[in-house]
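Peer 1: Below you'll find entry-v9.cif; it's mmCIF, C-alpha atoms and all ligand atoms.
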```cif
data_entry
#
loop_
_atom_site.label_atom_id
_atom_site.label_comp_id
_atom_site.auth_asym_id
_atom_site.auth_seq_id
_atom_site.Cartn_x
_atom_site.Cartn_y
_atom_site.Cartn_z
CA MET A 1490 -20.00 20.64 14.53
CA ALA A 1491 -17.28 23.11 13.46
CA ARG A 1492 -18.28 25.89 11.06
CA ASN A 1493 -16.88 25.46 7.52
CA ILE A 1494 -14.38 28.03 6.23
CA ASN A 1495 -14.21 27.92 2.44
CA CYS A 1496 -10.64 28.69 1.41
CA ALA A 1497 -9.36 29.84 -1.97
CA LEU A 1498 -5.75 30.14 -3.03
CA ILE A 1499 -4.24 32.31 -5.79
CA GLY A 1500 -0.91 31.06 -7.19
CA GLN A 1501 0.12 27.61 -8.34
CA ALA A 1502 3.89 27.51 -8.05
CA PHE A 1503 6.31 27.53 -5.09
CA MET A 1504 4.06 29.06 -2.44
CA GLY A 1505 1.04 27.53 -4.16
CA ARG A 1506 2.44 24.11 -3.29
CA ALA A 1507 3.62 25.05 0.19
CA HIS A 1508 0.25 26.56 1.09
CA SER A 1509 -1.78 23.76 -0.53
CA ASN A 1510 0.09 21.30 1.65
CA ALA A 1511 -0.83 23.34 4.72
CA TYR A 1512 -4.54 23.38 3.79
CA ARG A 1513 -4.44 19.60 3.24
CA GLN A 1514 -2.73 18.85 6.53
CA VAL A 1515 -3.96 21.40 9.02
CA ALA A 1516 -7.22 19.77 10.14
CA ARG A 1517 -5.54 16.35 10.32
CA PHE A 1518 -3.10 17.56 12.97
CA PHE A 1519 -4.71 20.51 14.79
CA ASP A 1520 -7.88 20.64 16.81
CA LEU A 1521 -9.59 23.59 15.12
CA PRO A 1522 -12.71 25.59 15.90
CA VAL A 1523 -13.56 25.73 12.16
CA GLU A 1524 -13.32 23.22 9.31
CA PRO A 1525 -11.15 24.45 6.39
CA ILE A 1526 -12.53 23.42 3.00
CA MET A 1527 -10.15 23.51 0.01
CA HIS A 1528 -12.77 25.20 -2.13
CA SER A 1529 -10.89 26.66 -5.08
CA ILE A 1530 -7.54 27.55 -6.61
CA ALA A 1531 -6.81 30.34 -9.10
CA GLY A 1532 -3.80 30.38 -11.41
CA ARG A 1533 -2.89 31.75 -14.81
CA ASN A 1534 -1.98 28.55 -16.57
CA GLY A 1535 -5.23 26.95 -17.72
CA GLU A 1536 -3.37 23.92 -19.04
CA THR A 1537 -1.62 22.89 -15.86
CA LEU A 1538 -4.14 24.24 -13.36
CA PRO A 1539 -6.71 21.37 -13.43
CA GLY A 1540 -3.95 18.80 -12.78
CA PHE A 1541 -2.44 20.97 -10.06
CA ALA A 1542 -5.86 21.41 -8.42
CA ARG A 1543 -6.45 17.63 -8.47
CA ALA A 1544 -3.00 16.74 -7.19
CA GLN A 1545 -3.13 19.30 -4.41
CA GLY A 1546 -6.69 18.61 -3.32
CA TRP A 1547 -8.59 21.72 -4.49
CA GLN A 1548 -12.25 21.10 -5.37
CA ASN A 1549 -12.53 23.81 -8.06
CA TRP A 1550 -10.21 25.91 -10.18
CA THR A 1551 -10.35 29.14 -12.15
CA THR A 1552 -7.97 31.19 -14.29
CA ASN A 1553 -9.66 34.39 -13.08
CA TRP A 1554 -9.05 35.18 -9.41
CA ARG A 1555 -11.72 37.90 -9.67
CA ASP A 1556 -14.32 35.12 -9.60
CA TYR A 1557 -13.76 35.10 -5.83
CA ILE A 1558 -14.93 38.68 -5.43
CA ASP A 1559 -18.55 37.81 -6.16
CA ASP A 1560 -18.52 34.27 -4.85
CA PRO A 1561 -20.52 34.28 -1.61
CA GLU A 1562 -19.16 30.83 -0.73
CA ILE A 1563 -15.54 31.98 -0.29
CA ASP A 1564 -14.53 33.04 3.23
CA LEU A 1565 -10.73 33.25 3.08
CA VAL A 1566 -8.51 34.06 0.09
CA ASP A 1567 -4.81 33.30 0.19
CA VAL A 1568 -2.73 35.59 -2.07
CA SER A 1569 0.41 33.64 -3.05
CA THR A 1570 1.36 35.58 -6.17
CA PRO A 1571 4.27 37.89 -7.02
CA ASN A 1572 4.53 41.10 -4.99
CA ASP A 1573 3.19 43.51 -7.63
CA VAL A 1574 -0.30 41.97 -7.57
CA HIS A 1575 -0.71 41.69 -3.77
CA ARG A 1576 -2.24 45.16 -3.56
CA GLU A 1577 -4.81 44.81 -6.34
CA MET A 1578 -5.93 41.37 -5.22
CA SER A 1579 -5.99 42.04 -1.47
CA ILE A 1580 -7.87 45.32 -1.71
CA ALA A 1581 -10.52 43.97 -4.12
CA LEU A 1582 -11.05 40.95 -1.89
CA LEU A 1583 -11.17 42.97 1.33
CA GLU A 1584 -13.74 45.29 -0.25
CA ALA A 1585 -15.78 42.19 -1.06
CA GLY A 1586 -15.67 41.25 2.62
CA LYS A 1587 -13.23 38.35 2.28
CA ASN A 1588 -10.60 37.50 4.88
CA VAL A 1589 -7.19 37.76 3.20
CA ALA A 1590 -3.95 35.93 3.96
CA CYS A 1591 -1.24 37.56 1.83
CA GLU A 1592 2.31 36.44 1.18
CA LYS A 1593 5.25 38.61 2.18
CA PRO A 1594 6.53 41.22 1.53
CA LEU A 1595 3.16 42.89 1.97
CA ALA A 1596 3.65 44.80 -1.30
CA SER A 1597 6.30 45.87 -3.77
CA THR A 1598 6.31 49.49 -2.53
CA LEU A 1599 5.51 51.32 0.68
CA ASP A 1600 2.71 53.27 -1.05
CA GLU A 1601 1.01 50.01 -2.02
CA ALA A 1602 1.52 48.60 1.46
CA ARG A 1603 -0.09 51.70 2.99
CA GLU A 1604 -3.12 51.34 0.72
CA MET A 1605 -3.44 47.72 1.78
CA ARG A 1606 -3.15 48.66 5.45
CA ASP A 1607 -5.85 51.31 4.99
CA ALA A 1608 -8.14 48.89 3.16
CA ALA A 1609 -7.69 46.39 5.99
CA LYS A 1610 -8.63 49.06 8.54
CA LYS A 1611 -11.74 49.95 6.56
CA ALA A 1612 -12.87 46.34 6.14
CA LYS A 1613 -14.31 46.01 9.60
CA GLN A 1614 -15.47 42.39 9.41
CA ALA A 1615 -12.65 40.93 7.32
CA LYS A 1616 -9.39 39.87 8.93
CA THR A 1617 -5.94 40.08 7.37
CA PHE A 1618 -2.89 37.87 7.83
CA VAL A 1619 0.61 37.87 6.33
CA TRP A 1620 2.70 34.76 5.74
CA PHE A 1621 5.69 35.58 7.91
CA ASN A 1622 5.81 31.87 8.55
CA TYR A 1623 9.18 31.67 10.31
CA ARG A 1624 7.58 33.12 13.45
CA ARG A 1625 5.94 29.73 13.65
CA SER A 1626 8.92 27.49 13.87
CA PRO A 1627 8.66 26.09 17.41
CA ALA A 1628 12.15 27.43 18.20
CA ILE A 1629 11.26 31.02 17.28
CA ALA A 1630 7.95 30.71 19.12
CA THR A 1631 9.87 29.44 22.17
CA ALA A 1632 12.32 32.35 21.89
CA TRP A 1633 9.36 34.75 21.71
CA LYS A 1634 7.95 33.27 24.94
CA MET A 1635 11.33 33.48 26.69
CA LEU A 1636 11.70 37.11 25.65
CA ARG A 1637 8.23 37.96 26.93
CA LYS A 1638 9.34 36.55 30.31
CA LYS A 1639 12.38 38.90 30.12
CA ARG A 1640 14.76 35.92 30.16
CA LEU A 1641 17.42 38.05 28.44
CA GLY A 1642 16.73 41.20 30.47
CA GLN A 1643 17.53 44.40 28.62
CA ILE A 1644 18.20 43.75 24.93
CA TYR A 1645 21.54 45.08 23.65
CA HIS A 1646 21.99 43.66 20.16
CA VAL A 1647 20.09 41.99 17.34
CA ARG A 1648 22.14 40.44 14.54
CA ALA A 1649 20.15 39.09 11.63
CA SER A 1650 21.19 37.87 8.23
CA TYR A 1651 19.40 36.01 5.49
CA LEU A 1652 21.94 34.58 3.06
CA GLN A 1653 21.16 32.65 -0.10
CA SER A 1654 23.30 31.75 -3.10
CA TRP A 1655 20.95 31.00 -6.00
CA GLY A 1656 21.07 34.44 -7.65
CA GLY A 1657 24.36 34.22 -9.57
CA PRO A 1658 24.96 35.41 -13.17
CA ASP A 1659 23.44 32.24 -14.66
CA THR A 1660 20.11 32.71 -12.94
CA PRO A 1661 17.59 33.99 -15.50
CA LEU A 1662 15.60 37.20 -15.34
CA LEU A 1663 12.76 35.81 -13.22
CA TRP A 1664 10.09 38.17 -11.82
CA ARG A 1665 12.18 38.34 -8.65
CA PHE A 1666 14.84 40.34 -10.56
CA GLN A 1667 12.40 42.86 -12.04
CA LYS A 1668 11.44 45.93 -10.08
CA LYS A 1669 8.02 46.18 -11.74
CA HIS A 1670 7.07 42.75 -10.32
CA ALA A 1671 9.14 42.43 -7.16
CA GLY A 1672 9.68 46.02 -6.01
CA THR A 1673 13.08 45.10 -4.61
CA GLY A 1674 15.36 42.07 -4.75
CA ALA A 1675 16.91 40.31 -1.76
CA HIS A 1676 15.70 43.22 0.37
CA GLY A 1677 11.93 42.65 0.15
CA ASP A 1678 12.35 38.92 -0.25
CA LEU A 1679 14.74 38.20 2.62
CA ASN A 1680 15.19 41.30 4.79
CA ALA A 1681 11.39 41.37 5.07
CA HIS A 1682 11.54 38.06 6.95
CA ILE A 1683 14.33 39.03 9.33
CA VAL A 1684 12.96 42.51 10.04
CA ASP A 1685 9.65 40.83 10.91
CA LEU A 1686 11.45 38.31 13.15
CA ALA A 1687 13.48 41.01 14.88
CA ARG A 1688 10.46 43.27 15.55
CA PHE A 1689 8.41 40.27 16.69
CA LEU A 1690 11.04 38.86 19.04
CA VAL A 1691 12.22 42.14 20.55
CA GLY A 1692 8.63 43.35 20.83
CA GLU A 1693 9.55 46.93 19.93
CA GLU A 1694 9.65 49.07 16.83
CA ILE A 1695 12.77 50.12 14.96
CA THR A 1696 13.12 53.87 15.27
CA GLU A 1697 16.15 54.73 13.13
CA ILE A 1698 18.26 53.41 10.27
CA HIS A 1699 21.85 54.56 10.71
CA GLY A 1700 23.20 53.59 7.31
CA ALA A 1701 22.65 51.09 4.53
CA ILE A 1702 24.26 49.62 1.42
CA GLU A 1703 22.22 48.52 -1.58
CA ARG A 1704 24.11 46.71 -4.31
CA THR A 1705 23.19 45.26 -7.70
CA PHE A 1706 26.14 43.18 -8.90
CA ILE A 1707 24.47 41.44 -11.81
CA LYS A 1708 22.78 44.00 -14.03
CA GLN A 1709 21.88 41.84 -17.03
CA ARG A 1710 20.27 38.41 -16.98
CA VAL A 1711 19.01 36.09 -19.68
CA LYS A 1712 15.26 36.31 -20.22
CA PRO A 1713 13.67 32.91 -19.47
CA GLY A 1714 13.23 30.78 -22.58
CA THR A 1715 15.36 33.08 -24.79
CA LYS A 1716 19.02 33.91 -25.43
CA LYS A 1717 18.39 37.63 -25.04
CA LYS A 1718 19.41 39.55 -21.99
CA GLY A 1719 17.30 42.03 -20.05
CA ARG A 1720 17.95 44.44 -17.23
CA SER A 1721 17.98 43.15 -13.66
CA ASP A 1722 16.98 46.31 -11.82
CA VAL A 1723 16.66 45.15 -8.23
CA ASP A 1724 19.25 44.78 -5.50
CA ASP A 1725 21.22 41.57 -5.12
CA ALA A 1726 22.13 42.53 -1.56
CA VAL A 1727 21.08 45.09 1.06
CA LEU A 1728 22.78 45.58 4.44
CA PHE A 1729 21.76 48.08 7.11
CA LEU A 1730 22.22 49.16 10.72
CA ALA A 1731 19.30 50.16 12.92
CA SER A 1732 18.19 51.04 16.46
CA PHE A 1733 15.22 49.74 18.38
CA LYS A 1734 13.09 52.06 20.53
CA GLY A 1735 14.67 50.71 23.72
CA GLY A 1736 18.18 51.40 22.43
CA ALA A 1737 19.18 47.94 21.17
CA THR A 1738 21.39 48.01 18.09
CA ALA A 1739 20.52 45.87 15.09
CA SER A 1740 22.23 44.76 11.91
CA PHE A 1741 20.49 43.20 8.91
CA GLU A 1742 21.98 41.62 5.81
CA ALA A 1743 20.18 40.01 2.88
CA THR A 1744 21.85 38.59 -0.20
CA ARG A 1745 21.31 35.99 -2.90
CA LEU A 1746 25.02 35.85 -3.69
CA ALA A 1747 26.53 34.27 -0.58
CA GLY A 1748 28.09 31.11 -2.01
CA GLY A 1749 27.79 28.20 0.37
CA HIS A 1750 24.67 29.57 2.07
CA LEU A 1751 21.53 27.98 0.70
CA ASN A 1752 18.80 29.28 2.98
CA ASP A 1753 20.76 30.64 5.90
CA ASN A 1754 18.31 32.74 7.89
CA THR A 1755 20.00 33.52 11.20
CA ILE A 1756 19.00 35.73 14.07
CA GLU A 1757 20.89 36.28 17.31
CA ILE A 1758 19.83 38.45 20.23
CA ASN A 1759 22.18 39.45 23.04
CA GLY A 1760 20.78 40.81 26.30
CA GLU A 1761 21.81 41.66 29.81
CA LYS A 1762 21.08 38.15 31.13
CA GLY A 1763 21.80 35.99 28.10
CA SER A 1764 21.67 35.39 24.38
CA LEU A 1765 19.47 33.47 21.95
CA LYS A 1766 20.24 32.36 18.42
CA TRP A 1767 18.43 30.47 15.67
CA ASN A 1768 19.11 29.35 12.13
CA LEU A 1769 16.46 28.18 9.67
CA GLU A 1770 18.64 25.38 8.32
CA ASN A 1771 18.39 23.77 11.81
CA LEU A 1772 14.98 25.15 12.54
CA ASN A 1773 14.07 22.93 15.47
CA GLU A 1774 17.03 24.10 17.55
CA LEU A 1775 17.11 27.22 19.69
CA TRP A 1776 20.47 28.12 21.22
CA PHE A 1777 20.50 29.82 24.61
CA HIS A 1778 23.40 31.24 26.58
CA ASP A 1779 22.52 32.04 30.19
CA ASN A 1780 24.87 34.76 31.48
CA THR A 1781 23.72 34.02 35.01
CA ASP A 1782 25.11 30.44 35.02
CA ALA A 1783 28.24 29.87 37.15
CA PRO A 1784 31.16 31.17 35.04
CA ALA A 1785 32.83 27.75 34.83
CA GLU A 1786 29.60 26.21 33.54
CA GLN A 1787 28.68 28.81 30.97
CA GLY A 1788 28.21 27.83 27.36
CA TRP A 1789 25.63 27.66 24.61
CA ARG A 1790 22.75 25.36 25.47
CA ARG A 1791 20.89 23.62 22.66
CA ILE A 1792 17.14 23.58 23.23
CA MET A 1793 15.36 21.09 20.99
CA ALA A 1794 12.14 23.04 20.60
CA THR A 1795 10.08 19.98 19.70
CA SER A 1796 10.47 18.22 23.01
CA GLY A 1797 7.53 18.68 25.25
CA GLU A 1798 4.17 20.20 25.98
CA ASN A 1799 5.77 23.51 26.85
CA HIS A 1800 7.00 24.00 23.31
CA PRO A 1801 4.54 25.77 20.99
CA TYR A 1802 2.95 23.51 18.34
CA TYR A 1803 4.33 20.34 20.01
CA HIS A 1804 0.81 19.09 20.69
CA ALA A 1805 0.00 18.93 16.96
CA TRP A 1806 3.01 16.98 15.77
CA TRP A 1807 5.33 14.17 16.83
CA PRO A 1808 6.85 12.80 20.06
CA ASP A 1809 9.89 14.43 21.71
CA GLY A 1810 12.66 15.35 19.31
CA HIS A 1811 10.86 13.92 16.26
CA ILE A 1812 11.66 17.00 14.30
CA ILE A 1813 9.47 19.01 11.95
CA GLY A 1814 10.43 20.90 8.77
CA TYR A 1815 9.97 23.95 6.55
CA GLU A 1816 6.44 23.03 5.46
CA HIS A 1817 5.22 22.81 9.05
CA THR A 1818 5.81 26.53 9.55
CA PHE A 1819 3.04 27.16 6.99
CA THR A 1820 0.73 24.57 8.54
CA ASN A 1821 1.32 26.08 11.98
CA GLU A 1822 0.51 29.54 10.62
CA LEU A 1823 -2.63 28.31 8.90
CA ALA A 1824 -3.74 26.64 12.13
CA ASP A 1825 -3.40 29.98 13.92
CA ILE A 1826 -5.26 31.80 11.11
CA LEU A 1827 -8.12 29.32 11.48
CA MET A 1828 -8.06 29.73 15.26
CA VAL A 1829 -8.53 33.48 14.80
CA LEU A 1830 -11.32 32.96 12.24
CA GLY A 1831 -12.94 30.60 14.75
CA ARG A 1832 -12.62 33.32 17.44
CA LYS A 1833 -9.94 31.49 19.43
CA LYS A 1834 -6.50 32.65 20.50
CA PRO A 1835 -3.58 31.80 18.19
CA THR A 1836 -0.57 30.04 19.75
CA ILE A 1837 1.52 33.18 19.23
CA PRO A 1838 0.51 36.52 17.68
CA LEU A 1839 -0.15 36.62 13.93
CA PRO A 1840 1.08 39.41 11.66
CA ASP A 1841 -1.73 41.38 10.00
CA PHE A 1842 -1.52 44.10 7.31
CA GLU A 1843 -0.82 46.79 9.91
CA ASP A 1844 2.07 44.78 11.33
CA ALA A 1845 3.51 43.98 7.88
CA TYR A 1846 3.16 47.66 6.95
CA GLN A 1847 5.45 48.51 9.89
CA THR A 1848 8.01 46.04 8.50
CA GLN A 1849 7.65 47.64 5.08
CA ARG A 1850 8.36 51.09 6.58
CA VAL A 1851 11.66 49.74 7.93
CA LEU A 1852 12.53 48.30 4.51
CA GLU A 1853 11.71 51.60 2.82
CA ALA A 1854 13.75 53.60 5.35
CA ALA A 1855 16.76 51.35 4.68
CA LEU A 1856 16.45 51.98 0.92
CA ILE A 1857 16.26 55.74 1.45
CA SER A 1858 19.27 55.55 3.75
CA ALA A 1859 21.25 53.63 1.12
CA ARG A 1860 20.32 56.01 -1.70
CA GLU A 1861 20.80 59.25 0.25
CA ARG A 1862 23.79 57.96 2.23
CA CYS A 1863 22.44 59.20 5.53
CA ALA A 1864 20.61 58.15 8.69
CA ILE A 1865 16.83 58.01 8.48
CA LYS A 1866 14.41 58.36 11.39
CA LEU A 1867 11.47 56.01 10.99
CA GLY A 1868 9.12 58.81 12.00
CA SER A 1869 9.82 60.46 8.64
CA VAL A 1870 8.78 57.37 6.64
CA LYS A 1871 5.02 56.91 6.59
N1 LIG B 1901 6.83 32.95 3.16
C1 LIG B 1901 7.86 32.48 2.49
O1 LIG B 1901 8.75 31.86 3.05
C2 LIG B 1901 7.94 32.71 1.00
C3 LIG B 1901 8.78 31.92 0.20
C4 LIG B 1901 8.77 32.15 -1.19
C5 LIG B 1901 7.98 33.13 -1.73
N2 LIG B 1901 7.21 33.91 -0.92
C6 LIG B 1901 6.33 34.97 -1.47
O2 LIG B 1901 5.22 34.33 -2.11
C7 LIG B 1901 4.81 35.06 -3.26
C8 LIG B 1901 4.84 34.13 -4.47
O3 LIG B 1901 6.15 33.64 -4.61
P1 LIG B 1901 6.45 32.22 -5.30
O4 LIG B 1901 7.84 31.86 -4.92
O5 LIG B 1901 5.36 31.26 -5.03
O6 LIG B 1901 6.43 32.67 -6.82
P2 LIG B 1901 6.26 31.72 -8.08
O7 LIG B 1901 6.77 32.49 -9.24
O8 LIG B 1901 6.81 30.38 -7.79
O9 LIG B 1901 4.66 31.59 -8.18
C9 LIG B 1901 3.82 32.69 -8.44
C10 LIG B 1901 2.47 32.17 -8.89
O10 LIG B 1901 1.58 33.27 -9.02
C11 LIG B 1901 0.86 33.12 -10.24
N3 LIG B 1901 0.33 34.40 -10.65
C12 LIG B 1901 1.01 35.52 -10.96
N4 LIG B 1901 0.15 36.50 -11.31
C13 LIG B 1901 -1.08 35.98 -11.22
C14 LIG B 1901 -2.38 36.45 -11.48
N5 LIG B 1901 -2.57 37.70 -11.89
N6 LIG B 1901 -3.44 35.62 -11.27
C15 LIG B 1901 -3.24 34.37 -10.85
N7 LIG B 1901 -2.03 33.83 -10.60
C16 LIG B 1901 -0.98 34.63 -10.79
C17 LIG B 1901 1.90 32.55 -11.18
O11 LIG B 1901 1.30 32.01 -12.33
C18 LIG B 1901 2.52 31.49 -10.26
O12 LIG B 1901 1.73 30.34 -10.21
C19 LIG B 1901 5.76 36.25 -3.37
O13 LIG B 1901 5.17 37.37 -2.78
C20 LIG B 1901 6.98 35.81 -2.55
O14 LIG B 1901 7.70 36.90 -1.99
C21 LIG B 1901 7.17 33.69 0.41
#
```
Output the file's structure in the form of structure tokens.
Ligand SMILES: NC(=O)c1ccc[n+]([C@@H]2O[C@H](COP(=O)([O-])OP(=O)(O)OC[C@H]3O[C@@H](n4cnc5c(N)ncnc54)[C@H](O)[C@@H]3O)[C@@H](O)[C@H]2O)c1

Peer 2:
Amino acid sequence: MARNINCALIGQAFMGRAHSNAYRQVARFFDLPVEPIMHSIAGRNGETLPGFARAQGWQNWTTNWRDYIDDPEIDLVDVSTPNDVHREMSIALLEAGKNVACEKPLASTLDEAREMRDAAKKAKQAKTFVWFNYRRSPAIATAWKMLRKKRLGQIYHVRASYLQSWGGPDTPLLWRFQKKHAGTGAHGDLNAHIVDLARFLVGEEITEIHGAIERTFIKQRVKPGTKKKGRSDVDDAVLFLASFKGGATASFEATRLAGGHLNDNTIEINGEKGSLKWNLENLNELWFHDNTDAPAEQGWRRIMATSGENHPYYHAWWPDGHIIGYEHTFTNELADILMVLGRKKPTIPLPDFEDAYQTQRVLEAALISARERCAIKLGSVK
């Protein structure tokens, strides 16, 4: 009989729903060494929370997440709240011996991220995880496996962009546009994902930022529920150039103002023997160009990454080519978290606080580069 893992979630909105779905589905599709129990959800809205808990399948609810600190029944706490509270929640829970799965970016500032990394190191028994869920689309996981087999040979270039279009002048002053809650704008929200993907796929660290642009185009936004305007003090877009340890060049671009791009998260890697590219809006497809094919036969090859036992996560879902979606990336990640908590190997490596801290160092270096208009060596950003 599998050991029970009592899970608690904090946050009842976008990620609250995405994660709740994962907790509901994971044991129905994956063969797990532990049994996840949807023990409790914490949120701030006492009026809507009971209904949310019922609809999403949580057994208990509370408006005080601190209840989890002293609750001996809780094994894993999932922090799905805005960035400014990740630090306080994660550290208190780690000190109480809880395993913590925190949303990205790890924190709103590098200082907070470092404290979280240090707390994770100190908490010897508790494990940490970060919801960089795009690693777990089968296409990215397949690309990761191909890269580990050196299918592209030496890596020359990484080109990553995460383009959205929802942040125009009519979008109200949500927490995402306030530095005190979000830390940064598109940068921590979107560049965090593509820096994680790039580091994960290349398998090396970024060692230098060569230059960056940080831009806030829309400086005033209407406060939700009012006609008054308030200051939007985060970036709308950040672009930067970087080098990997092995010499590969990299470019990153994140924006919420790219009309026509809804959730266009693209990464392309060019190497000595070939290229790979992926886009979230067609997340089951991995594109591969094999430079070693006969010249007359060369071209981009579409790999449907849900088409056989050799594709990661295939075993849990549907027959060949019966595609999966956005929500499955969370379920796949949760399955791997539960594998680790059950002392089994995850399908592909999971990001922990140390790993996400390294991503946060890259984000911080890019901001310094933009503000000081100079190149920044990662070694100087700790
Ligand atoms: N992995 C991804 O693809 C992805 C996608 C979207 C958001 N995120 C991240 O998830 C986190 C949450 O984002 P979201 O889009 O769900 O935000 P949201 O605004 O939709 O939801 C935030 C929730 O947190 C709750 N909350 C805030 N402070 C709280 C507190 N002190 N105690 C209890 N609940 C509290 C709010 O009431 C709300 O329910 C952010 O860190 C964001 O960057 C990740």

Peer 1: Hey, which of A:Thr1570, A:Asn1510, A:Ser1732, A:Gln1614 ends up closest to Ala1864 (chain A)? Count all atoms listed in the file.

Peer 2: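 Counting all atoms listed in the file, the residue closest to Ala1864 (chain A) is A:Ser1732.
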
Peer 1: List all protein, DNA and RNA residues that have an atom no more than 9 Å from any atom of ligand LIG 1901 (chain B), counting all atoms listed in the file, and report them as a ChimeraX atom specification.

Peer 2: /A:1499-1507,1531-1534,1551-1555,1568-1575,1578,1591-1597,1619-1623,1663-1665,1671,1677-1679,1682,1815,1818-1819

Peer 1: For Ala1628 (chain A), work out the shell of residues within 7 Å, counting all atoms listed in the file and skipping chain neighbours fewer than 2 positions away, then give it as a list of chain:residue names.

Peer 2: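 Contacts, with the query itself left out: A:Ser1626, A:Ala1630, A:Thr1631, A:Ala1632, A:Leu1772, A:Asn1773, A:Glu1774, A:Leu1775, A:Ala1794.
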
Peer 1: Which of these residues is nearest to Ser1650 (chain A), using all atoms listed in the file: A:Trp1550, A:Tyr1557, A:Phe1706, A:Trp1767?

Peer 2: A:Trp1767

Peer 1: One decimal, in Å: what's the spacing between CA of Leu1856 (chain A) and CA of Phe1729 (chain A)?

Peer 2: 9.0 Å

Peer 1: Which of these, A:His1676, A:Arg1606, A:Lys1716, A:Lys1833, has the shortest distance to Ile1702 (chain A) once you count all atoms listed in the file?

Peer 2: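 When distances to Ile1702 (chain A) are compared using all atoms listed in the file, the smallest one comes from A:His1676.
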
Peer 1: Can you pull out the residues contacting Ala1737 (chain A)? Cut-off 10 Å, using all atoms listed in the file, and skip same-chain residues under 2 positions away; I want them as an MDAnalysis selection string.

Peer 2: chainID A and resid 1643:1647 1691 1693 1695 1731:1735 1739 1758:1760

Peer 1: Would you pick out the contacts of Thr1820 (chain A) at 6 Å or less, using only C-alpha atoms, so that residues sharing its chain but fewer than 2 positions from it are not included, and give the list as a ChimeraX atom specification?

Peer 2: /A:1511,1515,1817-1818,1822-1823

Peer 1: I'd like the interatomic distance between CA of Gln1709 (chain A) and CA of Thr1744 (chain A), to a tenth of an Å.

Peer 2: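 According to the coordinates, CA of Gln1709 (chain A) and CA of Thr1744 (chain A) are separated by 17.1 Å.
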
Peer 1: Counting only C-alpha atoms, what is within 9 Å of Val1684 (chain A), bar same-chain residues fewer than 2 positions away, as JSON, numbers by chain?

Peer 2: {"A": [1649, 1679, 1680, 1681, 1682, 1686, 1687, 1688, 1689, 1741, 1848, 1849, 1851, 1852]}

Peer 1: Give the answer as one residue: which of A:Glu1601, A:Asp1844, A:Glu1524, A:Glu1584 has the shortest atom-to-atom distance to Gly1692 (chain A), using all atoms listed in the file?

Peer 2: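 Counting all atoms listed in the file, the residue closest to Gly1692 (chain A) is A:Asp1844.
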